[in-house]
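Asker: Supplied in structure tokens, the structure appears directly below.
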Amino acid sequence: MKKKIIAALIGSSALFASPAFAYCDSCVTGAVERMHLGVVQTIETTSSQIAALLQAINTNLSNVGTKVSDSIAETGNKQREMAIEIQRKAEKERIERTTQLPVDPCASSGSNYVSTAMSGSASRSSSYRRGGGGSAPSSTVLAKKLNDPTPTTEGTRKQTYAIHAERYCNVVENKLGYAGCSMSNMPDGDSNIDSLLIGAGRPGKEPDLTFSKEQEEAGRAYASLAVDPHGPEHLSKAEAATEQGRLYIAMQKAYQSNMSAAEKPAFDAIAARVPFAGSKKLIEELKKAEGAAKYFDATASKQAKDTGTMSLAELQDFEAGRRFRNPYWMIAMGAEADPTKLQRELIMMQAFTNEMLYQQLRRQEQQDIRLGLILASLTRSEMAPRLEAQRARVAAAK
């Protein structure tokens, strides 16, 4: 068996070693090489195409990425700009809302009318001087006492009684049946301090800081009776032309200079309680603010409500009370959380306080003048007789 196998192998070897078989081997090799070359070329061509395709895909992806990136960046910029603009507008509206004054300044203060009121009050007070041309009283007898030449002491006393009997008799005097007396709505209006401070009227009346025409006249009657009930009699033209008459007038003027200081506080008090020009417009504007309108309706004097006008004294009282004494303001401030509005309220309150302190300074100035006059009067009372006596001794020693 082994021998047969070996013989077959030897025969096969001889066959492969023959020239014919060698030719076939060359053909196969060439075919394989050509096939290999074709495959390589196909692979290279395909690789090139794939590479070009990948490059195109990469380029497209890059372009798409750039466009997407640009679009995202642009959208982000627009959103940021929009957010900034919204924030800017919101901040502007917040600042305007918290810092702007009310449409109507009277919603916070009546200060723009104070100057007019004070000027009018000062002018009216000055007009109350004898012969000052002030508002003429409706009472003929009162007008005569205030503006005509001063009569004798007896004459002034008759005027005083006539004024009292005409309008100011009290209940007791009516019961006693005093001549000329009748029931009055202002008993003792010519002789009670209430006529200067809260307005003449029946006992127990509510205070009036704005006077009616009748209350103004009652105040003037009181001032005349309280300060200088029997002033120095005026001389006739013939008497004033004499030497003694001129000396009398000199003494009369010295007397009047002191009396003018004494009567001014009363005149100022009355004038401050008389309606001033423009007060009707002030009240109309005050009522545009809900809190101020409610406080006015609750506290205004009868005269202010009936006529729609107010005095300097009532305006000052209103400004002092429109916050602390006003429950509507308390409620509003209790619910207010905006620090800017709260600070504004504090500033306005401080401004009003400063104005009141200044007015107090002006009144103190007048008080100092009166104290000086009192000191001068005391000095004259003490020193003048001594000086006159010493002057007489000097004259006698000549």
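How things are named: the first chain in the structure tokens is A, the next is B, and so on; residues count from 1 in each chain; ligands count from 1 in the order shown.
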Find the residues around Gln252 (chain A) up to 8 Å (only C-alpha atoms counted), leave out those fewer than 4 positions away in its own chain, and share them as a list in words.
Answerer: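 My list of contacting residues is Pro232, Tyr248 and Gln256 of chain A.
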Asker: Neighbouring residues of Gly120 (chain A) were defined as those with any atom within 12 Å, considering only C-alpha atoms; residues of the same chain fewer than 2 positions away were excluded. Please report them as a PDB file with N, CA, C and O atoms, in the first residue's frame.
Answerer:
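Now in part_28.pdb:
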ATOM      1  N   TYR A 113     -50.671 128.005  48.078  1.00  0.00           N
ATOM      2  CA  TYR A 113     -51.635 129.066  48.388  1.00  0.00           C
ATOM      3  C   TYR A 113     -51.272 129.838  49.663  1.00  0.00           C
ATOM      4  O   TYR A 113     -51.919 130.830  49.979  1.00  0.00           O
ATOM      5  N   VAL A 114     -50.263 129.357  50.391  1.00  0.00           N
ATOM      6  CA  VAL A 114     -49.943 129.970  51.677  1.00  0.00           C
ATOM      7  C   VAL A 114     -49.457 131.403  51.503  1.00  0.00           C
ATOM      8  O   VAL A 114     -49.835 132.301  52.264  1.00  0.00           O
ATOM      9  N   SER A 115     -48.606 131.646  50.512  1.00  0.00           N
ATOM     10  CA  SER A 115     -48.081 132.994  50.302  1.00  0.00           C
ATOM     11  C   SER A 115     -49.207 133.988  50.039  1.00  0.00           C
ATOM     12  O   SER A 115     -49.222 135.092  50.599  1.00  0.00           O
ATOM     13  N   THR A 116     -50.168 133.594  49.186  1.00  0.00           N
ATOM     14  CA  THR A 116     -51.313 134.460  48.909  1.00  0.00           C
ATOM     15  C   THR A 116     -52.109 134.714  50.176  1.00  0.00           C
ATOM     16  O   THR A 116     -52.527 135.853  50.456  1.00  0.00           O
ATOM     17  N   ALA A 117     -52.329 133.660  50.952  1.00  0.00           N
ATOM     18  CA  ALA A 117     -53.108 133.797  52.186  1.00  0.00           C
ATOM     19  C   ALA A 117     -52.411 134.701  53.187  1.00  0.00           C
ATOM     20  O   ALA A 117     -53.047 135.563  53.824  1.00  0.00           O
ATOM     21  N   MET A 118     -51.101 134.556  53.336  1.00  0.00           N
ATOM     22  CA  MET A 118     -50.368 135.365  54.308  1.00  0.00           C
ATOM     23  C   MET A 118     -50.320 136.828  53.884  1.00  0.00           C
ATOM     24  O   MET A 118     -50.471 137.730  54.716  1.00  0.00           O
ATOM     25  N   ALA A 122     -52.034 139.845  56.070  1.00  0.00           N
ATOM     26  CA  ALA A 122     -51.260 140.991  56.564  1.00  0.00           C
ATOM     27  C   ALA A 122     -51.876 142.313  56.102  1.00  0.00           C
ATOM     28  O   ALA A 122     -51.961 143.275  56.877  1.00  0.00           O
ATOM     29  N   SER A 123     -52.309 142.352  54.844  1.00  0.00           N
ATOM     30  CA  SER A 123     -52.927 143.579  54.333  1.00  0.00           C
ATOM     31  C   SER A 123     -54.235 143.879  55.062  1.00  0.00           C
ATOM     32  O   SER A 123     -54.515 145.031  55.396  1.00  0.00           O
ATOM     33  N   ARG A 124     -55.013 142.837  55.320  1.00  0.00           N
ATOM     34  CA  ARG A 124     -56.299 143.053  55.988  1.00  0.00           C
ATOM     35  C   ARG A 124     -56.086 143.515  57.428  1.00  0.00           C
ATOM     36  O   ARG A 124     -56.798 144.380  57.925  1.00  0.00           O
ATOM     37  N   SER A 125     -55.100 142.939  58.097  1.00  0.00           N
ATOM     38  CA  SER A 125     -54.802 143.350  59.470  1.00  0.00           C
ATOM     39  C   SER A 125     -54.428 144.826  59.514  1.00  0.00           C
ATOM     40  O   SER A 125     -54.886 145.573  60.392  1.00  0.00           O
ATOM     41  N   SER A 126     -53.625 145.266  58.577  1.00  0.00           N
ATOM     42  CA  SER A 126     -53.223 146.679  58.530  1.00  0.00           C
ATOM     43  C   SER A 126     -54.408 147.600  58.278  1.00  0.00           C
ATOM     44  O   SER A 126     -54.463 148.727  58.782  1.00  0.00           O
ATOM     45  N   SER A 127     -55.396 147.088  57.520  1.00  0.00           N
ATOM     46  CA  SER A 127     -56.557 147.922  57.195  1.00  0.00           C
ATOM     47  C   SER A 127     -57.470 148.154  58.389  1.00  0.00           C
ATOM     48  O   SER A 127     -58.353 149.017  58.340  1.00  0.00           O
ATOM     49  N   ASP A 268     -54.158 140.853  63.843  1.00  0.00           N
ATOM     50  CA  ASP A 268     -53.612 139.713  63.087  1.00  0.00           C
ATOM     51  C   ASP A 268     -54.474 138.470  63.260  1.00  0.00           C
ATOM     52  O   ASP A 268     -54.693 137.707  62.307  1.00  0.00           O
ATOM     53  N   ALA A 271     -57.705 138.939  61.152  1.00  0.00           N
ATOM     54  CA  ALA A 271     -57.422 138.884  59.713  1.00  0.00           C
ATOM     55  C   ALA A 271     -57.060 137.479  59.261  1.00  0.00           C
ATOM     56  O   ALA A 271     -57.404 137.062  58.148  1.00  0.00           O
ATOM     57  N   ALA A 272     -56.376 136.716  60.125  1.00  0.00           N
ATOM     58  CA  ALA A 272     -55.993 135.348  59.771  1.00  0.00           C
ATOM     59  C   ALA A 272     -57.195 134.416  59.688  1.00  0.00           C
ATOM     60  O   ALA A 272     -57.090 133.309  59.151  1.00  0.00           O
ATOM     61  N   ARG A 273     -58.334 134.858  60.208  1.00  0.00           N
ATOM     62  CA  ARG A 273     -59.532 134.020  60.210  1.00  0.00           C
ATOM     63  C   ARG A 273     -60.584 134.491  59.214  1.00  0.00           C
ATOM     64  O   ARG A 273     -61.720 133.997  59.227  1.00  0.00           O
ATOM     65  N   VAL A 274     -60.208 135.409  58.365  1.00  0.00           N
ATOM     66  CA  VAL A 274     -61.105 135.903  57.316  1.00  0.00           C
ATOM     67  C   VAL A 274     -60.729 135.206  56.002  1.00  0.00           C
ATOM     68  O   VAL A 274     -59.536 135.066  55.699  1.00  0.00           O
ATOM     69  N   PRO A 275     -61.690 134.737  55.197  1.00  0.00           N
ATOM     70  CA  PRO A 275     -61.353 134.059  53.935  1.00  0.00           C
ATOM     71  C   PRO A 275     -60.441 134.900  53.052  1.00  0.00           C
ATOM     72  O   PRO A 275     -60.610 136.115  52.952  1.00  0.00           O
ATOM     73  N   PHE A 276     -59.463 134.260  52.451  1.00  0.00           N
ATOM     74  CA  PHE A 276     -58.533 134.972  51.570  1.00  0.00           C
ATOM     75  C   PHE A 276     -58.864 134.694  50.109  1.00  0.00           C
ATOM     76  O   PHE A 276     -59.498 133.695  49.766  1.00  0.00           O
ATOM     77  N   ALA A 277     -58.426 135.602  49.258  1.00  0.00           N
ATOM     78  CA  ALA A 277     -58.671 135.459  47.819  1.00  0.00           C
ATOM     79  C   ALA A 277     -57.996 134.194  47.289  1.00  0.00           C
ATOM     80  O   ALA A 277     -56.827 133.939  47.560  1.00  0.00           O
ATOM     81  N   GLY A 278     -58.721 133.421  46.532  1.00  0.00           N
ATOM     82  CA  GLY A 278     -58.166 132.194  45.966  1.00  0.00           C
ATOM     83  C   GLY A 278     -58.466 130.955  46.790  1.00  0.00           C
ATOM     84  O   GLY A 278     -58.158 129.838  46.361  1.00  0.00           O
ATOM     85  N   SER A 279     -59.064 131.131  47.971  1.00  0.00           N
ATOM     86  CA  SER A 279     -59.317 129.963  48.822  1.00  0.00           C
ATOM     87  C   SER A 279     -60.380 129.043  48.225  1.00  0.00           C
ATOM     88  O   SER A 279     -60.374 127.833  48.465  1.00  0.00           O
ATOM     89  N   SER A 311     -59.865 130.469  55.538  1.00  0.00           N
ATOM     90  CA  SER A 311     -58.933 131.488  56.010  1.00  0.00           C
ATOM     91  C   SER A 311     -57.525 130.917  56.115  1.00  0.00           C
ATOM     92  O   SER A 311     -57.313 129.700  55.991  1.00  0.00           O
ATOM     93  N   LEU A 312     -56.561 131.793  56.356  1.00  0.00           N
ATOM     94  CA  LEU A 312     -55.182 131.354  56.584  1.00  0.00           C
ATOM     95  C   LEU A 312     -55.114 130.446  57.806  1.00  0.00           C
ATOM     96  O   LEU A 312     -54.428 129.415  57.785  1.00  0.00           O
TER      97      LEU A 312
END
Asker: Nearest to Lys305 (chain A) among A:Glu154, A:Glu284, A:Asp368, A:Glu290, with distances taken over only C-alpha atoms: which residue is it?
Answerer: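 Nearest candidate to Lys305 (chain A) out of A:Glu154, A:Glu284, A:Asp368, A:Glu290: A:Glu284.
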Asker: With DSSP run on the backbone, what are the alpha helix (DSSP H) residues within region 262-373 of chain A? I'd like them as a VMD selection string.
Answerer: chain A and resid 262 to 271 279 to 286 290 to 299 302 to 307 312 to 324 327 to 335 339 to 373
Asker: Please report the interatomic distance between CA of Arg220 (chain A) and CA of Ile270 (chain A) in Å with one decimal.
Answerer: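 Separation between CA of Arg220 (chain A) and CA of Ile270 (chain A): 7.4 Å.
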Asker: Taking only C-alpha atoms into account, name the residue in A:Pro265, A:Met183, A:Leu346, A:Glu216 that is nearest to Gln364 (chain A).
Answerer: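 Among A:Pro265, A:Met183, A:Leu346, A:Glu216, it is A:Pro265 that comes nearest to Gln364 (chain A).
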Asker: Which residues, written as a list in words, have at least one atom at most 7 Å from region 167-176 of chain A, with only C-alpha atoms counted and residues fewer than 4 positions away on the same chain left out?
Answerer: Ile163, Cys181, Ser182, Met183, Ser184, Met186, Pro187, Asp188, Gly189 and Asp190 of chain A
Asker: Write out as a list in words which residues come within 9 Å of Ala269 (chain A) when counting only C-alpha atoms, dropping same-chain ones fewer than 5 positions away.
Answerer: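 Final neighbour list, sorted by chain and number: Ser125, Leu196, Leu197, Gly219, Lys264 and Ala313 of chain A.
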Asker: Go ahead and write the residues just picked, N, CA, C and O atoms, as a PDB file, in the first residue's frame.
Answerer:
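What ended up in result.pdb:
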ATOM      1  N   SER A 125     -55.100 142.939  58.097  1.00  0.00           N
ATOM      2  CA  SER A 125     -54.802 143.350  59.470  1.00  0.00           C
ATOM      3  C   SER A 125     -54.428 144.826  59.514  1.00  0.00           C
ATOM      4  O   SER A 125     -54.886 145.573  60.392  1.00  0.00           O
ATOM      5  N   LEU A 196     -62.083 136.381  69.161  1.00  0.00           N
ATOM      6  CA  LEU A 196     -60.811 136.411  68.427  1.00  0.00           C
ATOM      7  C   LEU A 196     -60.338 135.020  68.032  1.00  0.00           C
ATOM      8  O   LEU A 196     -59.714 134.857  66.983  1.00  0.00           O
ATOM      9  N   LEU A 197     -60.623 134.030  68.858  1.00  0.00           N
ATOM     10  CA  LEU A 197     -59.993 132.726  68.679  1.00  0.00           C
ATOM     11  C   LEU A 197     -60.855 131.719  67.923  1.00  0.00           C
ATOM     12  O   LEU A 197     -60.365 131.058  67.003  1.00  0.00           O
ATOM     13  N   GLY A 219     -65.206 140.397  66.284  1.00  0.00           N
ATOM     14  CA  GLY A 219     -63.802 140.397  66.688  1.00  0.00           C
ATOM     15  C   GLY A 219     -63.232 141.805  66.760  1.00  0.00           C
ATOM     16  O   GLY A 219     -62.484 142.141  67.688  1.00  0.00           O
ATOM     17  N   LYS A 264     -52.040 145.086  67.588  1.00  0.00           N
ATOM     18  CA  LYS A 264     -51.670 144.308  66.402  1.00  0.00           C
ATOM     19  C   LYS A 264     -51.940 142.815  66.551  1.00  0.00           C
ATOM     20  O   LYS A 264     -52.438 142.186  65.600  1.00  0.00           O
ATOM     21  N   ALA A 313     -55.804 130.809  58.879  1.00  0.00           N
ATOM     22  CA  ALA A 313     -55.774 130.003  60.102  1.00  0.00           C
ATOM     23  C   ALA A 313     -56.311 128.596  59.842  1.00  0.00           C
ATOM     24  O   ALA A 313     -55.748 127.598  60.322  1.00  0.00           O
TER      25      ALA A 313
END
Asker: For a quick check of understanding, using only C-alpha atoms, which of A:Ala73, A:Ala221, A:Ala376, A:Ile198 has the smallest distance to Lys145 (chain A)?
Answerer: A:Ala221
